[in-house]
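Q: Attaching a single structure in structure tokens format; questions to follow.
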Amino acid sequence: MTYNADIQKKDRNFVHKDFQLSDWNTLEPYFVQLKNREITSKENLVQWLKDYSELQEVISEDVCWKQIRMTCDTENKQYEEDYTVFCMEIEPHIKPYADILNKKLIQSEHLKQLDSSTYALLIKNVENEILLFNEKNIPLQAELNILSQQYGTITGKMSVHIEGKDYTLQQAAKFLMQSNRALRKEVYLKINERRLKDKDSLNKLFDKLLSIRNQIALNAGFENYRDYKFQELRRYDYSVKECEAFHLAIKKYMTPLVEKIYELKKNQLQLNTLAPYDIDAEPEGQNPLEPFENGKELLEKSIQTFTQVRPFFGDCLKKMNELNHFDLESRKGKAPGGYNCPLAESGAPFIFMNAAGTADDVVTMMHEGGHAIHSFLCHQLELSAFKEYPMEMAELASMSMELFSMDMWNIFYPDSQKLKRAKLEELERVLSIFPWIATIDKFQHWLYTHPNHSIEERTNEWLTIYDEFAPKNISWENLENYKRSFMAKAITSF
Ligand SMILES: [Zn+2]
């Protein structure tokens, strides 16, 4: 099979070609049309599905752009306002119609005639949505969307002052790789003090989120938000029990492995005890890897790398570049993190990240690039519902790309010794991320099954779970307080 990265924006057949999402009044007629349309044959039903899918794509692309603009510039009031208008004034009207249309599909007498190998999962997902829907949750979900954005705004503002210059926290993390231990410690303290400064506002915000999330779960007939979320995330194939077994396995097998990695690190750095600010450090006389200088260079080298893995992969990134679908460099006012945002009509997705010139940034770019290829490959699928893979499947594409691309990293590291270091770091990262995953996951299970907890109880539980999975050969002497700053980081990620 040959693949073509030169995908075109989809033609519209149902929604008017000039239609732009601005308010509910101009959007509603499309929903009314779908609701009232008579379906008298299997062919009618297939066409109805296509038209509904097109409408979903138009809405989805518009909302994705609103989110992209907002995360690229969290200080722009207009972008925030545009997103708020969608969440508060448009989406609450869409949801009841979505429920009506879901029921119309399931109740259609022609449903049985649809080919089950193509439509079975779609039907299952629609039934799941019907199960989760509750009128009372509509305003709560709108509020939740707005509140979730405030996290990005609070953390996007964080910066620290080092050696006479301001740095975002992502940029500052670069200093933690330096061989100068005193500098590392100074930067570590500054970053974590800065995080702790917003601890109260983040805790308050999370309290609000928690209570709304819990209410949503109760309204939908679930015992707690964890169980609700399992259903919403379409985790049909595994349950809480498997998650708990996974946590145990990580504790038993992965944490000791990470301890071994840290032991090697400690010897390499010739230290008696390893502090949290030593983990990413380079030994004396060795500089941190510098795979690229700026976003432009990161992109050029990524295109070369992807092209060597497969020309089609390189073409996908080129196409995205042609369309200006990258915002790669870290700067103040940008939301933290990185993502690949699929754009349902355009087909070519958008990659957002906070690159500061590190080896980790290369990995992030490979990762998001893996998501991007997945988006390109799914674009040709007929219905938007066919493209809704669960996150487990999404991460398979991205994490595989991190590893697939490793053999071509000589583009970033022409020096063979440096290449070896970069590969080793990546393989170590693949292992050392497990305890963190277990920490976050177990903490979430606790948060949502104990909805009435106090901030103090939350902090204590965080510290207990953190210690349960963390490698034991890290010395927290005089630094215990900073374990709390990770909680702020943890609750921002969900
Ligand atoms: Zn990912």
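We label chains A, B, ... in the order they appear in the structure tokens, count residues from 1 in each chain, and number ligands from 1 in the order shown.
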Can you tell me which residues come within 10 Å of ligand 1 when counting only C-alpha atoms and all ligand atoms, ideally as a list in words?
A: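 Result of the 10 Å neighbour search around ligand 1: Gly338, Tyr339, Asn340, Thr364, His367, Glu368, Gly369, Gly370, His371, Met391, Glu392, Met393, Ala394, Glu395, Leu396, Ala397, Ser398 and Met399 of chain A.
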Q: Any idea what's packed within 8 Å of His110 (chain A), counting only C-alpha atoms, ignoring anything in its chain fewer than 5 positions away? Could you give it as an MDAnalysis selection string?
A: chainID A and resid 40:42 45
Q: Output N, CA and C atoms for every residue in that selection, as a PDB file, in the first residue's frame.
A:
```
ATOM      1  N   THR A  40     -35.293   5.614   5.702  1.00  0.00           N
ATOM      2  CA  THR A  40     -36.181   4.546   5.218  1.00  0.00           C
ATOM      3  C   THR A  40     -35.423   3.354   4.647  1.00  0.00           C
ATOM      4  N   SER A  41     -34.106   3.419   4.649  1.00  0.00           N
ATOM      5  CA  SER A  41     -33.345   2.275   4.126  1.00  0.00           C
ATOM      6  C   SER A  41     -31.972   2.249   4.762  1.00  0.00           C
ATOM      7  N   LYS A  42     -31.268   1.153   4.534  1.00  0.00           N
ATOM      8  CA  LYS A  42     -29.908   1.037   5.040  1.00  0.00           C
ATOM      9  C   LYS A  42     -29.044   2.152   4.420  1.00  0.00           C
ATOM     10  N   LEU A  45     -29.481   5.344   6.089  1.00  0.00           N
ATOM     11  CA  LEU A  45     -28.837   5.356   7.404  1.00  0.00           C
ATOM     12  C   LEU A  45     -27.334   5.629   7.255  1.00  0.00           C
TER      13      LEU A  45
END
```
Q: Within 7 Å of Lys185 (chain A), counting only C-alpha atoms, which residues qualify if same-chain residues fewer than 4 places away don't, as a compact mmCIF listing (two decimals) with N, CA and C atoms, in the first residue's frame?
A:
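File written: result-v2.txt
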```
# COMPACT_ATOMS: atom_id res chain seq x y z
N ARG A 181 27.23 21.07 40.62
CA ARG A 181 26.20 20.62 41.56
C ARG A 181 25.56 21.77 42.32
N LEU A 189 15.95 24.29 43.72
CA LEU A 189 15.21 24.98 44.78
C LEU A 189 14.31 26.06 44.19
N TYR A 277 18.17 16.55 42.65
CA TYR A 277 18.71 17.41 41.59
C TYR A 277 19.94 16.81 40.90
```
Q: Which is closer to Ala173 (chain A) than all the others in A:Asn192, A:Ser400, A:Asn294, A:Asn481, using only C-alpha atoms?
A: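 Selected residue with least distance to Ala173 (chain A): A:Asn192.
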Q: Go through region 363-481 of chain A and flag each residue having an atom no more than 12 Å from region 53-74 of chain A; for those, report the closest pair of atoms plus their distance in Å to one decimal, using only C-alpha atoms, ordered by chain and rising number, as a tab-separated table.
A:
```
residue	atom	partner	partner_atom	distance
A:His379	CA	A:Glu57	CA	11.0
A:Leu381	CA	A:Ser53	CA	11.0
A:Glu382	CA	A:Ser53	CA	8.6
A:Leu383	CA	A:Ser53	CA	5.6
A:Ser384	CA	A:Ser53	CA	5.5
A:Ala385	CA	A:Ser53	CA	7.2
A:Phe386	CA	A:Ser53	CA	9.8
A:Lys387	CA	A:Ser53	CA	10.8
A:Glu388	CA	A:Glu57	CA	11.8
```
Q: Would you save the residues from that selection as an mmCIF file, in the first residue's frame, using N, CA and C atoms?
A:
```
data_model
loop_
_atom_site.group_PDB
_atom_site.id
_atom_site.type_symbol
_atom_site.label_atom_id
_atom_site.label_comp_id
_atom_site.auth_asym_id
_atom_site.auth_seq_id
_atom_site.Cartn_x
_atom_site.Cartn_y
_atom_site.Cartn_z
ATOM 1 N N HIS A 379 -6.904 9.814 8.614
ATOM 2 C CA HIS A 379 -7.704 10.842 7.955
ATOM 3 C C HIS A 379 -8.643 10.275 6.896
ATOM 4 N N LEU A 381 -10.233 7.520 6.871
ATOM 5 C CA LEU A 381 -11.364 6.721 7.355
ATOM 6 C C LEU A 381 -12.666 7.506 7.166
ATOM 7 N N GLU A 382 -13.704 6.768 6.846
ATOM 8 C CA GLU A 382 -14.918 7.427 6.382
ATOM 9 C C GLU A 382 -15.628 8.261 7.451
ATOM 10 N N LEU A 383 -15.745 7.722 8.657
ATOM 11 C CA LEU A 383 -16.499 8.449 9.685
ATOM 12 C C LEU A 383 -15.568 8.915 10.799
ATOM 13 N N SER A 384 -15.881 10.072 11.355
ATOM 14 C CA SER A 384 -15.025 10.573 12.432
ATOM 15 C C SER A 384 -15.036 9.596 13.612
ATOM 16 N N ALA A 385 -16.144 8.899 13.794
ATOM 17 C CA ALA A 385 -16.228 7.935 14.901
ATOM 18 C C ALA A 385 -15.212 6.804 14.748
ATOM 19 N N PHE A 386 -14.816 6.509 13.509
ATOM 20 C CA PHE A 386 -13.821 5.442 13.302
ATOM 21 C C PHE A 386 -12.430 5.874 13.760
ATOM 22 N N LYS A 387 -12.250 7.178 13.928
ATOM 23 C CA LYS A 387 -10.919 7.691 14.287
ATOM 24 C C LYS A 387 -10.762 7.867 15.784
ATOM 25 N N GLU A 388 -11.794 7.551 16.521
ATOM 26 C CA GLU A 388 -11.730 7.785 17.967
ATOM 27 C C GLU A 388 -11.117 6.599 18.692
#
```
Q: Between A:Ala470, A:Ala142, A:Ile433, A:Ala372, which one has atoms that come closest to Cys316 (chain A), using only C-alpha atoms?
A: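 For Cys316 (chain A), the nearest of the given residues is A:Ala372.
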Q: Extract, using only C-alpha atoms, all DNA, RNA and protein residues at most 9 Å from Pro276 (chain A), discarding same-chain residues fewer than 4 positions from it, and format them as an MDAnalysis selection string.
A: chainID A and resid 185 188 280 474:476 479
Q: Please report, as a ChimeraX atom specification, each residue of region 290-473 of chain A to which DSSP assigns alpha helix (DSSP H) when run on this structure's backbone.
A: /A:295-309,311-322,359-378,391-405,416-449,455-469
Q: Name the residues of region 266-417 of chain A that come out as strand (DSSP E or B) in a backbone DSSP run; write them as an MDAnalysis selection string.
A: chainID A and resid 274 326:329 339:341 350:355
Q: Extract, using only C-alpha atoms, all DNA, RNA and protein residues at most 9 Å from region 92-100 of chain A, discarding same-chain residues fewer than 2 positions from it, and format them as JSON, numbers by chain.
A: {"A": [24, 28, 31, 32, 35, 86, 87, 88, 89, 90, 102, 103, 104, 105, 129, 130, 133, 134, 135, 138, 139, 141, 142]}
Q: In Å, how far is it from CA of Leu323 (chain A) to CA of Ala348 (chain A)?
A: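 Computed distance, CA of Leu323 (chain A) to CA of Ala348 (chain A), equals 8.3 Å.
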Q: Give me the residues near Ile437 (chain A) as a ChimeraX atom specification, where near means some atom within 10 Å (using only C-alpha atoms) and where sequence neighbours in that chain fewer than 4 positions away do not count.
A: /A:247,250,432-433,441-443,469
Q: If you measure from CA of Glu345 (chain A) to CA of Arg12 (chain A), what distance in Å do you get, rounded to one decimal?
A: 9.0 Å
Q: Tell me which of A:Ser302, A:Thr155, A:Asn324, A:Asn180 sits closest to Leu269 (chain A), counting only C-alpha atoms.
A: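 For Leu269 (chain A), the nearest of the candidates is A:Asn180.
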Q: Can you tell me which residues surround Leu427 (chain A) at a distance of at most 10 Å, considering only C-alpha atoms, apart from same-chain residues fewer than 5 positions away, and format the answer as a PDB file with N, CA and C atoms, in the first residue's frame?
A:
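Now in out37.pdb:
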```
ATOM      1  N   LEU A 403      10.950   4.829  19.757  1.00  0.00           N
ATOM      2  CA  LEU A 403      11.913   3.723  19.664  1.00  0.00           C
ATOM      3  C   LEU A 403      12.310   3.412  18.216  1.00  0.00           C
ATOM      4  N   MET A 406      15.072   5.789  16.933  1.00  0.00           N
ATOM      5  CA  MET A 406      16.373   5.824  17.625  1.00  0.00           C
ATOM      6  C   MET A 406      17.560   5.534  16.724  1.00  0.00           C
ATOM      7  N   ARG A 421      25.027   7.876  24.197  1.00  0.00           N
ATOM      8  CA  ARG A 421      24.470   8.455  25.434  1.00  0.00           C
ATOM      9  C   ARG A 421      22.981   8.736  25.277  1.00  0.00           C
ATOM     10  N   ALA A 422      22.618   9.319  24.140  1.00  0.00           N
ATOM     11  CA  ALA A 422      21.208   9.672  23.912  1.00  0.00           C
ATOM     12  C   ALA A 422      20.325   8.425  23.908  1.00  0.00           C
ATOM     13  N   SER A 432      12.323   4.315  33.708  1.00  0.00           N
ATOM     14  CA  SER A 432      12.145   5.137  34.915  1.00  0.00           C
ATOM     15  C   SER A 432      10.814   5.875  34.940  1.00  0.00           C
TER      16      SER A 432
END
```
Q: For the atom pair CA of Gln150 (chain A) and CA of Ala356 (chain A), what is the interatomic distance in Å to one decimal place?
A: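 Pair CA of Gln150 (chain A) / CA of Ala356 (chain A) returns 23.7 Å.
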